[in-house]
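Engineer: To be precise about what I am sending: the file is called target_1.pdb and holds PDB, C-alpha atoms.
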```pdb
MODEL        1
ATOM      1  CA  MET A   1     144.466  39.460 -79.499
ATOM      2  CA  VAL A   2     143.166  42.907 -78.572
ATOM      3  CA  ILE A   3     140.678  43.239 -75.734
ATOM      4  CA  PRO A   4     138.100  45.956 -76.462
ATOM      5  CA  ASN A   5     137.930  49.009 -74.169
ATOM      6  CA  THR A   6     141.308  48.215 -72.640
ATOM      7  CA  PRO A   7     143.845  51.043 -72.719
ATOM      8  CA  ILE A   8     147.086  50.241 -74.466
ATOM      9  CA  GLY A   9     150.315  51.210 -72.729
ATOM     10  CA  LYS A  10     151.038  52.765 -69.401
ATOM     11  CA  PRO A  11     148.133  54.529 -67.636
ATOM     12  CA  VAL A  12     148.224  58.312 -67.394
ATOM     13  CA  GLU A  13     148.403  59.767 -63.891
ATOM     14  CA  HIS A  14     145.127  61.335 -62.812
ATOM     15  CA  PRO A  15     145.303  65.149 -62.986
ATOM     16  CA  TYR A  16     144.289  65.498 -59.304
ATOM     17  CA  ALA A  17     146.641  62.824 -57.901
ATOM     18  CA  THR A  18     149.478  65.127 -56.872
ATOM     19  CA  ALA A  19     147.127  67.905 -55.733
ATOM     20  CA  VAL A  20     145.180  65.532 -53.465
ATOM     21  CA  LEU A  21     148.396  64.194 -51.961
ATOM     22  CA  LEU A  22     149.723  67.710 -51.348
ATOM     23  CA  LEU A  23     146.446  68.977 -49.851
ATOM     24  CA  GLY A  24     146.212  65.921 -47.592
ATOM     25  CA  ALA A  25     149.764  66.403 -46.313
ATOM     26  CA  VAL A  26     149.229  70.135 -45.759
ATOM     27  CA  SER A  27     146.035  69.390 -43.813
ATOM     28  CA  LEU A  28     148.112  67.719 -41.107
ATOM     29  CA  LEU A  29     150.414  70.727 -40.871
ATOM     30  CA  CYS A  30     147.785  73.492 -41.055
ATOM     31  CA  PHE A  31     145.254  72.178 -38.537
ATOM     32  CA  GLY A  32     143.061  70.522 -41.163
ATOM     33  CA  LEU A  33     142.158  73.589 -43.188
ATOM     34  CA  THR A  34     142.747  71.784 -46.490
ATOM     35  CA  GLY A  35     141.494  68.413 -45.229
ATOM     36  CA  PRO A  36     137.915  68.673 -46.513
ATOM     37  CA  VAL A  37     139.191  69.799 -49.921
ATOM     38  CA  ALA A  38     141.562  66.807 -50.114
ATOM     39  CA  TRP A  39     138.720  64.574 -48.960
ATOM     40  CA  ALA A  40     136.310  65.793 -51.661
ATOM     41  CA  MET A  41     138.863  65.899 -54.476
ATOM     42  CA  GLY A  42     140.203  62.497 -53.463
ATOM     43  CA  LYS A  43     136.762  60.902 -53.536
ATOM     44  CA  ARG A  44     136.070  62.377 -56.977
ATOM     45  CA  ALA A  45     139.474  61.261 -58.282
ATOM     46  CA  LEU A  46     139.030  57.720 -56.916
ATOM     47  CA  ASP A  47     135.641  57.445 -58.609
ATOM     48  CA  GLN A  48     137.112  58.645 -61.906
ATOM     49  CA  ILE A  49     140.078  56.253 -61.635
ATOM     50  CA  ASP A  50     137.722  53.336 -60.981
ATOM     51  CA  GLU A  51     135.479  54.296 -63.914
ATOM     52  CA  SER A  52     138.402  54.780 -66.324
ATOM     53  CA  GLY A  53     139.051  51.075 -66.687
ATOM     54  CA  GLY A  54     142.792  51.421 -66.216
ATOM     55  CA  ALA A  55     143.322  54.570 -68.287
ATOM     56  CA  TYR A  56     144.098  56.636 -65.173
ATOM     57  CA  GLY A  57     146.861  55.810 -62.717
ATOM     58  CA  GLY A  58     147.985  57.491 -59.511
ATOM     59  CA  ARG A  59     145.549  55.608 -57.295
ATOM     60  CA  THR A  60     148.121  55.205 -54.510
ATOM     61  CA  GLN A  61     148.782  58.960 -54.338
ATOM     62  CA  VAL A  62     145.058  59.689 -54.269
ATOM     63  CA  VAL A  63     144.372  57.128 -51.539
ATOM     64  CA  ILE A  64     147.181  58.491 -49.360
ATOM     65  CA  GLY A  65     146.062  62.103 -49.889
ATOM     66  CA  PHE A  66     142.426  61.163 -49.240
ATOM     67  CA  THR A  67     143.381  59.367 -46.025
ATOM     68  CA  LEU A  68     145.546  62.260 -44.828
ATOM     69  CA  GLY A  69     142.662  64.635 -45.617
ATOM     70  CA  VAL A  70     140.266  62.576 -43.512
ATOM     71  CA  ILE A  71     142.767  62.410 -40.648
ATOM     72  CA  GLY A  72     143.458  66.151 -40.912
ATOM     73  CA  THR A  73     139.732  66.931 -40.841
ATOM     74  CA  ILE A  74     139.159  64.722 -37.807
ATOM     75  CA  LEU A  75     142.093  66.332 -35.986
ATOM     76  CA  ALA A  76     140.757  69.801 -36.841
ATOM     77  CA  VAL A  77     137.342  68.935 -35.424
ATOM     78  CA  LEU A  78     138.910  67.490 -32.265
ATOM     79  CA  MET A  79     141.084  70.586 -31.813
ATOM     80  CA  ALA A  80     138.059  72.848 -32.283
ATOM     81  CA  LEU A  81     136.100  70.857 -29.695
ATOM     82  CA  LEU A  82     139.036  71.010 -27.298
ATOM     83  CA  PHE A  83     139.327  74.769 -27.822
ATOM     84  CA  VAL A  84     135.601  75.259 -27.137
ATOM     85  CA  LEU A  85     135.799  73.030 -24.064
ATOM     86  CA  VAL A  86     138.777  74.957 -22.649
ATOM     87  CA  PHE A  87     137.111  78.295 -23.475
ATOM     88  CA  LEU A  88     133.822  77.305 -21.796
ATOM     89  CA  THR A  89     135.443  75.904 -18.660
ATOM     90  CA  GLY A  90     137.687  78.920 -18.302
ATOM     91  CA  GLY A  91     140.891  77.311 -18.152
TER      92      GLY A  91
ENDMDL
END
```
Turn the structure described in the file into structure tokens.
Structural biologist:
Amino acid sequence: MVIPNTPIGKPVEHPYATAVLLLGAVSLLCFGLTGPVAWAMGKRALDQIDESGGAYGGRTQVVIGFTLGVIGTILAVLMALLFVLVFLTGG
């Protein structure tokens, strides 16, 4: 029995999966500069994976990269606020 609209075989990894994971990891090392990019690409990739009906894989990589991008962005904002606070207080 064949179920309509169900992909046959192993799902193909989403084209952005590795890029999102790499950008998310780099965002932790480079003070969050690539965090917003990982965040946006990860959200788009997750939406496409969900809409594909199982044709796209790599969800775990995208979720990890997305999460690291969010964390990197939050850390970048906190570091910027800390820098401004130290600069304004003089010390």
Engineer: In Å, rounded to a single decimal, give me how far atom CA of Gly32 of chain A is from atom CA of Ile74 of chain A.
Structural biologist: 7.8 Å
Engineer: What does the structure give for the distance between atom CA of Ile71 of chain A and atom CA of Phe31 of chain A, in Å to one decimal?
Structural biologist: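 Those two atoms sit 10.3 Å apart.
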Engineer: Could you tell me which residues the PyMOL selection byres ((chain A and resi 48) around 12) grabs in this file, written as a count of residues only?
Structural biologist: 24
Engineer: Closest to Leu33 of chain A among A:Val63, A:Leu88, A:Ala76, A:Leu82, using all atoms listed in the file?
Structural biologist: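 Using all atoms listed in the file, Leu33 of chain A sits closest to A:Ala76.
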Engineer: What gap, in Å, lies between atom CA of Trp39 of chain A and atom CA of Ala80 of chain A?
Structural biologist: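 About the pair atom CA of Trp39 of chain A and atom CA of Ala80 of chain A: they are 18.6 Å apart.
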Engineer: Given the file shown, enumerate the residues that the PyMOL selection byres ((chain A and resi 36) around 9) captures and present them as a PyMOL selection string.
Structural biologist: chain A and resi 24+27+32-35+37-41+69-70+72-73
Engineer: Go ahead and save the residues from that selection, with C-alpha atoms, as a compact mmCIF listing (two decimals), in the coordinates of the input.
Structural biologist:
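Contents of out-v5.txt, as written:
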```
# COMPACT_ATOMS: atom_id res chain seq x y z
CA GLY A 24 146.21 65.92 -47.59
CA SER A 27 146.04 69.39 -43.81
CA GLY A 32 143.06 70.52 -41.16
CA LEU A 33 142.16 73.59 -43.19
CA THR A 34 142.75 71.78 -46.49
CA GLY A 35 141.49 68.41 -45.23
CA VAL A 37 139.19 69.80 -49.92
CA ALA A 38 141.56 66.81 -50.11
CA TRP A 39 138.72 64.57 -48.96
CA ALA A 40 136.31 65.79 -51.66
CA MET A 41 138.86 65.90 -54.48
CA GLY A 69 142.66 64.64 -45.62
CA VAL A 70 140.27 62.58 -43.51
CA GLY A 72 143.46 66.15 -40.91
CA THR A 73 139.73 66.93 -40.84
```
Engineer: Let me make sure I understand: among A:Val84, A:Met79, A:Ile64, A:Val12, which one has the smallest atom-to-atom distance to Cys30 of chain A if we use all atoms listed in the file?
Structural biologist: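 Looking only at the distances to Cys30 of chain A, the closest residue turns out to be A:Met79.
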Engineer: Which residue is closest to Leu29 of chain A? Choose from A:Lys10, A:Phe66, A:Leu75, A:Phe83 and count only C-alpha atoms.
Structural biologist: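 When distances to Leu29 of chain A are compared using only C-alpha atoms, the smallest one comes from A:Leu75.
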Engineer: Which residue, A:Val86, A:Gly9, A:Leu78, A:Gly65, has the smallest gap to Ala25 of chain A when you use all atoms listed in the file?
Structural biologist: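 Residue with the minimum atom-to-atom distance to Ala25 of chain A: A:Gly65.
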